[in-house]
$ cat final.cif   # mmCIF, C-alpha atoms and all ligand atoms
data_entry
#
loop_
_atom_site.label_atom_id
_atom_site.label_comp_id
_atom_site.auth_asym_id
_atom_site.auth_seq_id
_atom_site.Cartn_x
_atom_site.Cartn_y
_atom_site.Cartn_z
CA MET A 134 -12.20 -31.01 57.74
CA ALA A 135 -15.51 -29.50 58.87
CA TRP A 136 -17.26 -32.84 58.46
CA LEU A 137 -15.19 -34.25 61.30
CA LYS A 138 -17.39 -32.30 63.70
CA ASN A 139 -20.35 -34.34 62.49
CA ILE A 140 -18.54 -37.51 63.43
CA ILE A 141 -18.70 -36.55 67.12
CA ARG A 142 -21.72 -37.91 68.99
CA ASN A 143 -24.44 -35.27 69.37
CA GLY A 144 -25.07 -36.12 73.01
CA LEU A 145 -21.55 -35.06 73.99
CA SER A 146 -22.41 -31.37 73.73
CA GLY A 147 -23.98 -31.82 77.18
CA ILE A 148 -20.64 -32.79 78.75
CA GLU A 149 -17.84 -30.53 79.85
CA LYS A 150 -14.32 -31.90 80.22
CA TYR A 151 -13.71 -32.88 83.86
CA LYS A 152 -11.94 -30.11 85.77
CA TYR A 153 -9.38 -32.08 87.73
CA GLY A 154 -7.30 -30.67 90.59
CA LYS A 155 -4.04 -29.22 89.35
CA PRO A 156 -1.07 -31.61 89.43
CA VAL A 157 1.92 -30.45 91.54
CA SER A 158 4.31 -30.50 88.55
CA GLU A 159 1.95 -28.28 86.52
CA LEU A 160 1.85 -25.60 89.23
CA GLN A 161 5.61 -25.82 89.73
CA ARG A 162 6.11 -25.30 85.99
CA GLU A 163 3.63 -22.44 85.77
CA LEU A 164 4.72 -20.47 88.83
CA GLY A 165 8.30 -21.64 89.32
CA LEU A 166 7.48 -22.78 92.85
CA GLU A 167 9.57 -25.33 94.67
CA ARG A 168 7.30 -26.31 97.52
CA VAL A 169 3.77 -27.22 96.54
CA VAL A 170 1.11 -29.09 98.54
CA ARG A 171 -1.85 -30.69 96.81
CA MET A 172 -5.01 -30.69 98.89
CA CYS A 173 -7.58 -30.90 96.15
CA SER A 174 -8.33 -34.57 95.47
CA ASN A 175 -9.10 -36.05 98.90
CA GLU A 176 -6.33 -38.62 98.71
CA ASN A 177 -4.92 -40.31 101.82
CA PRO A 178 -1.49 -38.68 102.40
CA TRP A 179 -0.26 -41.09 105.12
CA PRO A 180 2.50 -43.60 104.18
CA LEU A 181 1.25 -47.06 103.19
CA PRO A 182 1.90 -50.10 105.41
CA GLU A 183 4.89 -52.26 104.55
CA SER A 184 2.65 -55.20 103.61
CA VAL A 185 1.06 -53.14 100.83
CA MET A 186 4.43 -51.95 99.50
CA ASN A 187 5.65 -55.57 99.54
CA ALA A 188 2.56 -56.76 97.65
CA ILE A 189 3.22 -54.10 95.01
CA THR A 190 6.83 -55.29 94.63
CA VAL A 191 5.74 -58.93 94.29
CA SER A 192 3.07 -58.03 91.73
CA LEU A 193 5.70 -56.40 89.51
CA GLU A 194 7.39 -59.73 88.90
CA LYS A 195 4.86 -60.65 86.25
CA VAL A 196 4.06 -57.46 84.42
CA ASN A 197 4.57 -59.27 81.10
CA CYS A 198 1.37 -61.25 81.77
CA TYR A 199 -2.22 -60.05 81.70
CA PRO A 200 -3.81 -59.69 85.13
CA ASP A 201 -6.56 -62.01 86.36
CA PRO A 202 -9.68 -60.58 84.64
CA GLN A 203 -11.82 -61.83 87.55
CA SER A 204 -9.59 -60.27 90.25
CA TYR A 205 -10.54 -63.48 91.98
CA ARG A 206 -8.40 -63.28 95.13
CA LEU A 207 -9.52 -59.74 95.86
CA ARG A 208 -13.12 -60.53 94.94
CA ARG A 209 -13.17 -63.46 97.37
CA LEU A 210 -11.71 -61.40 100.20
CA LEU A 211 -14.31 -58.67 99.65
CA ALA A 212 -17.12 -61.21 99.49
CA GLU A 213 -15.94 -62.65 102.83
CA LYS A 214 -15.64 -59.18 104.37
CA TRP A 215 -19.20 -58.21 103.45
CA GLY A 216 -20.86 -61.62 103.78
CA VAL A 217 -21.97 -61.78 100.15
CA SER A 218 -21.17 -64.24 97.36
CA THR A 219 -18.35 -63.62 94.88
CA GLY A 220 -21.08 -63.35 92.22
CA GLU A 221 -22.29 -60.20 93.95
CA VAL A 222 -18.95 -58.37 93.80
CA ILE A 223 -17.63 -56.22 90.96
CA ILE A 224 -13.99 -55.17 90.88
CA GLY A 225 -13.32 -52.27 88.53
CA ALA A 226 -10.95 -49.48 87.58
CA GLY A 227 -12.00 -47.22 90.44
CA THR A 228 -15.49 -45.99 91.10
CA GLU A 229 -15.22 -44.06 87.88
CA GLY A 230 -14.55 -47.13 85.77
CA ILE A 231 -17.30 -49.06 87.53
CA LEU A 232 -19.91 -46.37 86.94
CA HIS A 233 -19.13 -46.13 83.23
CA SER A 234 -19.55 -49.88 82.75
CA LEU A 235 -22.53 -50.07 85.12
CA PHE A 236 -24.43 -47.42 83.17
CA HIS A 237 -23.44 -49.01 79.86
CA ALA A 238 -24.84 -52.27 81.14
CA THR A 239 -28.14 -50.79 82.33
CA ILE A 240 -29.03 -47.75 80.24
CA ASP A 241 -30.91 -47.81 76.96
CA PRO A 242 -30.89 -44.60 74.89
CA GLY A 243 -33.37 -42.14 76.38
CA ASP A 244 -33.37 -43.64 79.87
CA GLU A 245 -32.85 -41.23 82.72
CA VAL A 246 -30.38 -41.15 85.57
CA VAL A 247 -31.56 -38.93 88.41
CA CYS A 248 -28.97 -37.28 90.65
CA PRO A 249 -29.29 -34.87 93.56
CA ILE A 250 -26.77 -32.04 93.08
CA PRO A 251 -24.22 -30.78 93.97
CA ALA A 252 -22.62 -34.13 93.18
CA TYR A 253 -19.39 -35.70 92.06
CA PRO A 254 -19.12 -34.38 88.45
CA LEU A 255 -18.21 -37.73 86.93
CA TYR A 256 -21.72 -39.15 87.51
CA ARG A 257 -22.94 -36.84 84.80
CA VAL A 258 -20.16 -37.85 82.41
CA ALA A 259 -20.69 -41.58 83.02
CA ALA A 260 -24.46 -41.31 82.56
CA ILE A 261 -24.28 -39.25 79.36
CA ALA A 262 -21.50 -41.49 78.00
CA ALA A 263 -24.01 -44.33 78.27
CA ALA A 264 -26.59 -42.22 76.37
CA ALA A 265 -28.74 -41.48 79.42
CA LYS A 266 -30.58 -38.25 80.07
CA PHE A 267 -29.05 -36.84 83.26
CA VAL A 268 -31.69 -35.29 85.51
CA GLU A 269 -30.37 -33.04 88.29
CA VAL A 270 -32.25 -32.40 91.53
CA PRO A 271 -30.85 -29.25 93.14
CA ALA A 272 -30.42 -29.25 96.93
CA GLU A 273 -32.54 -26.98 99.05
CA GLU A 274 -30.66 -24.60 101.32
CA GLY A 275 -27.30 -25.50 99.83
CA THR A 276 -26.67 -29.00 101.07
CA THR A 277 -29.76 -31.15 101.75
CA TRP A 278 -32.45 -32.78 99.65
CA GLU A 279 -36.03 -33.63 100.36
CA ILE A 280 -36.44 -37.33 99.58
CA GLY A 281 -39.83 -36.46 98.10
CA ARG A 282 -38.20 -34.16 95.57
CA ILE A 283 -35.81 -36.86 94.42
CA ILE A 284 -38.71 -39.28 94.01
CA ASP A 285 -40.82 -36.68 92.23
CA SER A 286 -38.01 -36.17 89.71
CA CYS A 287 -38.24 -39.80 88.63
CA THR A 288 -40.39 -40.73 85.65
CA GLU A 289 -41.21 -43.98 83.90
CA MET A 290 -37.93 -43.45 81.96
CA THR A 291 -35.78 -43.37 85.11
CA LYS A 292 -33.47 -46.35 85.35
CA ALA A 293 -31.29 -45.26 88.23
CA VAL A 294 -30.79 -42.72 90.98
CA ILE A 295 -27.20 -42.05 92.01
CA ILE A 296 -26.01 -40.41 95.20
CA SER A 297 -22.81 -40.29 97.18
CA ASN A 298 -23.03 -40.99 100.90
CA PRO A 299 -21.17 -39.23 102.44
CA CYS A 300 -21.62 -36.66 99.74
CA ASN A 301 -18.84 -35.10 97.76
CA PRO A 302 -18.75 -32.06 97.69
CA THR A 303 -20.90 -31.25 100.75
CA GLY A 304 -19.20 -33.78 103.05
CA GLN A 305 -22.47 -34.61 104.78
CA ILE A 306 -24.27 -37.93 105.19
CA MET A 307 -27.81 -38.82 104.28
CA GLU A 308 -29.17 -40.04 107.61
CA ARG A 309 -30.44 -43.57 108.20
CA ASP A 310 -34.19 -42.83 108.08
CA ARG A 311 -33.98 -40.79 104.90
CA MET A 312 -31.77 -43.34 103.23
CA LEU A 313 -34.16 -46.15 104.13
CA SER A 314 -37.16 -44.29 102.83
CA LEU A 315 -35.36 -43.39 99.56
CA ALA A 316 -34.20 -46.96 99.01
CA HIS A 317 -37.60 -48.55 99.69
CA GLU A 318 -39.47 -46.00 97.62
CA LEU A 319 -37.17 -46.47 94.61
CA ASP A 320 -37.33 -50.24 94.93
CA SER A 321 -41.12 -50.11 94.89
CA ARG A 322 -40.88 -48.13 91.63
CA GLN A 323 -38.33 -50.56 90.15
CA ILE A 324 -35.61 -47.91 89.93
CA LEU A 325 -32.04 -48.89 90.75
CA LEU A 326 -30.42 -46.97 93.63
CA VAL A 327 -26.65 -46.56 93.24
CA VAL A 328 -24.86 -45.40 96.38
CA ASP A 329 -21.26 -44.24 96.03
CA GLU A 330 -19.56 -44.71 99.39
CA ALA A 331 -16.09 -43.44 98.47
CA TYR A 332 -15.70 -41.79 101.91
CA ALA A 333 -17.60 -44.32 104.06
CA GLU A 334 -14.52 -45.44 105.98
CA TYR A 335 -14.08 -41.95 107.41
CA VAL A 336 -17.56 -41.82 108.96
CA GLU A 337 -18.01 -42.17 112.71
CA ASP A 338 -21.70 -41.53 113.16
CA PRO A 339 -24.32 -43.99 114.45
CA ASN A 340 -26.84 -42.29 112.20
CA TYR A 341 -24.94 -43.44 109.09
CA LEU A 342 -26.46 -46.34 107.22
CA ALA A 343 -23.78 -48.26 105.34
CA GLY A 344 -25.18 -49.41 102.01
CA ILE A 345 -24.39 -53.05 102.74
CA GLU A 346 -27.25 -53.00 105.24
CA LEU A 347 -29.57 -51.84 102.45
CA PHE A 348 -28.17 -54.53 100.19
CA ARG A 349 -28.94 -57.21 102.78
CA ASP A 350 -32.36 -55.74 103.40
CA ILE A 351 -33.48 -54.95 99.83
CA GLY A 352 -30.94 -56.63 97.57
CA ARG A 353 -31.82 -54.66 94.45
CA ILE A 354 -29.28 -51.92 95.01
CA VAL A 355 -25.67 -51.14 93.98
CA ILE A 356 -23.04 -49.93 96.45
CA THR A 357 -19.67 -48.70 95.21
CA ARG A 358 -16.53 -48.28 97.28
CA THR A 359 -12.97 -47.41 96.36
CA PHE A 360 -9.36 -48.06 97.26
CA SER A 361 -8.53 -44.49 96.21
CA LYS A 362 -9.41 -42.74 99.46
CA ILE A 363 -8.67 -44.15 102.93
CA TYR A 364 -6.80 -47.17 101.47
CA GLY A 365 -4.34 -44.78 99.83
CA LEU A 366 -4.18 -46.39 96.37
CA ALA A 367 -5.63 -43.69 94.10
CA ALA A 368 -2.94 -44.11 91.44
CA LEU A 369 -3.63 -47.83 91.08
CA ARG A 370 -7.30 -47.44 90.05
CA VAL A 371 -9.16 -50.06 92.02
CA GLY A 372 -12.74 -49.85 93.21
CA TYR A 373 -15.49 -52.34 93.89
CA ALA A 374 -19.22 -52.66 93.98
CA ILE A 375 -21.64 -54.91 95.80
CA ALA A 376 -24.48 -55.54 93.39
CA PRO A 377 -27.22 -58.06 92.58
CA LYS A 378 -26.05 -61.05 90.50
CA THR A 379 -28.17 -59.98 87.51
CA ILE A 380 -26.31 -56.67 87.37
CA VAL A 381 -22.89 -58.27 87.91
CA GLU A 382 -23.52 -60.70 85.03
CA ALA A 383 -24.51 -57.88 82.68
CA TYR A 384 -21.51 -55.82 83.82
CA ASP A 385 -19.19 -58.77 83.16
CA LYS A 386 -20.25 -58.87 79.51
CA LEU A 387 -18.96 -55.43 78.62
CA HIS A 388 -16.47 -53.96 81.04
CA PRO A 389 -12.87 -53.65 79.78
CA VAL A 390 -11.64 -57.16 80.50
CA PHE A 391 -8.20 -56.38 81.96
CA GLU A 392 -9.08 -53.00 83.47
CA VAL A 393 -7.74 -53.79 86.95
CA SER A 394 -3.98 -54.21 86.88
CA ARG A 395 -2.17 -56.95 88.72
CA VAL A 396 -0.43 -54.27 90.80
CA GLY A 397 -3.81 -52.84 91.79
CA GLN A 398 -5.25 -56.24 92.66
CA TYR A 399 -2.30 -57.21 94.86
CA ALA A 400 -2.10 -53.84 96.60
CA ALA A 401 -5.85 -53.70 97.30
CA HIS A 402 -5.83 -57.24 98.68
CA ALA A 403 -2.99 -56.39 101.07
CA ALA A 404 -4.59 -53.05 102.05
CA LEU A 405 -7.88 -54.73 102.88
CA LEU A 406 -6.08 -56.88 105.46
CA GLU A 407 -4.67 -53.78 107.18
CA GLY A 408 -7.63 -52.97 109.43
CA ALA A 409 -5.42 -51.33 112.07
CA PHE A 410 -3.88 -49.00 109.47
CA ILE A 411 -7.33 -47.92 108.27
CA ARG A 412 -8.52 -47.22 111.84
CA GLU A 413 -5.36 -45.23 112.51
CA VAL A 414 -5.72 -43.15 109.33
CA ARG A 415 -9.36 -42.45 110.23
CA LEU A 416 -8.41 -41.24 113.72
CA LYS A 417 -5.45 -39.16 112.55
CA THR A 418 -7.55 -37.58 109.79
CA ILE A 419 -10.37 -36.71 112.18
CA ALA A 420 -7.90 -35.22 114.68
CA GLU A 421 -6.24 -33.11 111.97
CA ARG A 422 -9.64 -32.11 110.57
CA SER A 423 -10.65 -30.79 114.01
CA ARG A 424 -7.39 -28.92 114.38
CA VAL A 425 -7.70 -27.31 110.93
CA LEU A 426 -11.29 -26.30 111.69
CA ARG A 427 -10.32 -24.77 115.05
CA ARG A 428 -7.51 -22.76 113.48
CA LEU A 429 -9.76 -21.56 110.65
CA THR A 430 -12.44 -20.53 113.12
CA ASP A 431 -9.80 -18.62 115.10
CA MET A 432 -8.98 -16.74 111.87
CA GLY A 433 -12.63 -15.76 111.60
CA VAL A 434 -13.25 -18.10 108.65
CA SER A 435 -16.57 -19.84 108.26
CA ALA A 436 -15.51 -23.49 107.98
CA GLU A 437 -17.85 -26.46 107.93
CA ASN A 438 -17.14 -29.81 109.51
CA THR A 439 -17.74 -32.87 107.35
CA ARG A 440 -17.82 -36.66 107.78
CA THR A 441 -14.99 -37.05 105.28
CA ASN A 442 -11.31 -36.21 104.79
CA PHE A 443 -11.98 -32.70 103.55
CA VAL A 444 -13.31 -29.45 105.00
CA LEU A 445 -15.41 -26.80 103.35
CA ILE A 446 -14.69 -23.11 103.66
CA LYS A 447 -17.40 -20.60 102.93
CA HIS A 448 -16.13 -17.25 101.69
CA LYS A 449 -17.60 -14.67 99.36
CA LYS A 450 -14.24 -14.33 97.62
CA SER A 451 -13.58 -18.06 97.43
CA ASP A 452 -12.36 -18.03 93.81
CA GLU A 453 -9.91 -15.24 94.58
CA LEU A 454 -8.68 -17.10 97.65
CA PHE A 455 -8.17 -20.16 95.45
CA GLU A 456 -5.94 -18.22 93.01
CA ARG A 457 -3.95 -16.60 95.80
CA LEU A 458 -3.41 -19.93 97.53
CA LEU A 459 -2.02 -21.30 94.25
CA HIS A 460 0.60 -18.56 94.33
CA GLU A 461 1.55 -19.72 97.83
CA GLY A 462 2.00 -23.27 96.49
CA VAL A 463 -1.24 -24.62 97.97
CA ILE A 464 -3.63 -26.39 95.61
CA VAL A 465 -7.19 -26.67 96.92
CA ARG A 466 -10.47 -27.16 95.05
CA LYS A 467 -12.77 -24.38 93.90
CA GLY A 468 -16.34 -25.08 95.01
CA SER A 469 -17.51 -23.41 91.81
CA ASP A 470 -15.99 -26.33 89.84
CA LEU A 471 -18.18 -28.70 91.87
CA GLY A 472 -21.49 -26.84 91.87
CA LEU A 473 -20.83 -25.33 95.29
CA GLU A 474 -20.43 -21.61 94.61
CA GLY A 475 -18.77 -19.57 97.34
CA TYR A 476 -16.85 -22.49 98.86
CA LEU A 477 -13.36 -23.96 98.87
CA ARG A 478 -12.90 -27.68 99.44
CA VAL A 479 -9.67 -28.53 101.22
CA THR A 480 -8.36 -32.08 101.75
CA VAL A 481 -7.08 -32.85 105.24
CA GLY A 482 -3.39 -33.54 104.70
CA LEU A 483 -0.41 -34.48 106.84
CA PRO A 484 0.15 -32.13 109.80
CA GLU A 485 2.94 -30.26 107.98
CA GLN A 486 0.78 -29.86 104.85
CA ASN A 487 -2.10 -28.57 106.94
CA ASP A 488 0.28 -26.11 108.62
CA MET A 489 1.41 -24.81 105.24
CA PHE A 490 -2.21 -24.42 104.16
CA LEU A 491 -3.15 -22.63 107.39
CA SER A 492 -0.28 -20.15 107.28
CA SER A 493 -0.93 -19.45 103.59
CA MET A 494 -4.61 -19.02 104.32
CA LYS A 495 -3.83 -16.48 107.03
CA LYS A 496 -1.72 -14.53 104.55
CA VAL A 497 -4.19 -14.56 101.63
CA LEU A 498 -7.11 -13.66 103.88
CA THR A 499 -5.45 -10.32 104.66
CA GLN A 500 -4.84 -9.80 100.92
CA VAL A 501 -8.51 -10.20 99.99
CA ALA A 502 -9.85 -8.32 103.03
C1 LIG B 1 -17.78 -39.20 95.67
C2 LIG B 1 -16.61 -39.76 94.94
N1 LIG B 1 -16.74 -40.91 94.30
C3 LIG B 1 -15.73 -41.45 93.63
C4 LIG B 1 -14.51 -40.81 93.56
C5 LIG B 1 -13.38 -41.37 92.73
O1 LIG B 1 -13.15 -42.66 93.02
P1 LIG B 1 -12.18 -43.54 92.14
O2 LIG B 1 -10.80 -43.02 92.32
O3 LIG B 1 -12.40 -44.87 92.78
O4 LIG B 1 -12.62 -43.49 90.71
C6 LIG B 1 -14.30 -39.62 94.20
C7 LIG B 1 -13.00 -38.94 94.11
O5 LIG B 1 -12.79 -37.83 94.43
C8 LIG B 1 -15.38 -39.06 94.90
O6 LIG B 1 -15.25 -37.90 95.52
#
$ encode --input "final.cif" --output "structure tokens"
Amino acid sequence: MAWLKNIIRNGLSGIEKYKYGKPVSELQRELGLERVVRMCSNENPWPLPESVMNAITVSLEKVNCYPDPQSYRLRRLLAEKWGVSTGEVIIGAGTEGILHSLFHATIDPGDEVVCPIPAYPLYRVAAIAAAAKFVEVPAEEGTTWEIGRIIDSCTEMTKAVIISNPCNPTGQIMERDRMLSLAHELDSRQILLVVDEAYAEYVEDPNYLAGIELFRDIGRIVITRTFSKIYGLAALRVGYAIAPKTIVEAYDKLHPVFEVSRVGQYAAHAALLEGAFIREVRLKTIAERSRVLRRLTDMGVSAENTRTNFVLIKHKKSDELFERLLHEGVIVRKGSDLGLEGYLRVTVGLPEQNDMFLSSMKKVLTQVA
């Protein structure tokens, strides 16, 4: 059977399997724990509005039929929301699904995708899956990048630069001026800028430049957003992109045709109409984030504020803290899995989940002291 190894694509040796946050049931099985909280995937823990639950129920009536491959109703609503045409909107199976198809539609073998790191690990997977060379630009001083260094890392083989704004895992934004200079510089070099705005709805900062502004200004740019975070629909796998028509047309030729389920389309459409719910979740998350940070600071922990729904904890024994928290039934994310050594990333949960995390943290801190 040794020849089977030769069947596997050579380029895949550069990819490691994605290290996902542990599912609750897995930890319960492994450690025999009853109460487990999962604060590792930056999901929105607040209950969904009734209108979204109703839309899900209605969508189930026709699960024997294929969904609309155009996601037309949702596409039209998003086009209206952002003031673009329906031909400039992509609906896909989450940001992840969109990036895979986007890179497949744009990358020729040997092309490069440049990415400032630390970054969301799936960028690397999606780029290499499309046969790109993935070029990493390490941050200076932990969490920021010189725009010049990103530009200098581009060559004549660079097709795209991908960043998240706000950034996962650092939780910080790339400020307006820097974003503008990056976007204009890349455009002048005919390199596609892809901005992943998975956490944009959590940002309250006048210095944040939403990608749609860049799209209106430059046009030759791709912005991705998701229904997995503040909209609370991670399990349904729906994301979208605003992109130039030329890119959308190429994307439409090869993405999995029925990748967005009818349930996902209906739920996302209803969620998009729930502006008040989104504002409320943003405010409640920010209030809880501040409370968690205050309590951590009181414990003598070095915790960093972010513009997102997670906090970062800096600790020299972060991996040990991670393991000990698991034994307390608290699943957080190891920074070392995300290229952020010496950190823990903790999703802001419901107040009672945050309380469980904080009391467990207090306990494990004394154990590692
Ligand atoms: C920066 C970033 N982009 C995208 C995603 C995933 O989005 P989706 O569920 O839409 O694939 C995540 C999830 O953690 C993320 O952190």
$ residues_near_ligand --input "final.cif" --ligand "ligand LIG 1 (chain B)" --cutoff "10 Å" --atoms "all atoms listed in the file" --output "ChimeraX atom specification"
/A:153-154,173-176,225-232,252-256,296-304,328-333,357-362,366-373,441
$ residues_around --input "final.cif" --residues "region 484-489 of chain A" --least-positions-apart "3" --cutoff "8 Å" --atoms "all atoms listed in the file" --output "VMD selection string"
chain A and resid 170 421 425 463 481 492 to 493
$ atom_distance --input "final.cif" --atom1 "CA of Ile295 (chain A)" --atom2 "CA of Val355 (chain A)"
9.4 Å
$ closest_residue --input "final.cif" --among "A:Lys467, A:Arg478, A:His388, A:Lys378" --to "Glu221 (chain A)" --atoms "all atoms listed in the file"
A:Lys378
$ closest_residue --input "final.cif" --among "A:Val465, A:Ile324, A:Met494, A:Glu194" --to "Val169 (chain A)" --atoms "only C-alpha atoms"
A:Val465
$ residues_around --input "final.cif" --residues "Asp385 (chain A)" --least-positions-apart "2" --cutoff "10 Å" --atoms "all atoms listed in the file" --output "list in words"
Pro202, Gln203, Ile223, Ile224, Ser234, Leu235, Ala238, Ile380, Val381, Glu382, Ala383, Leu387, His388, Pro389 and Val390 of chain A
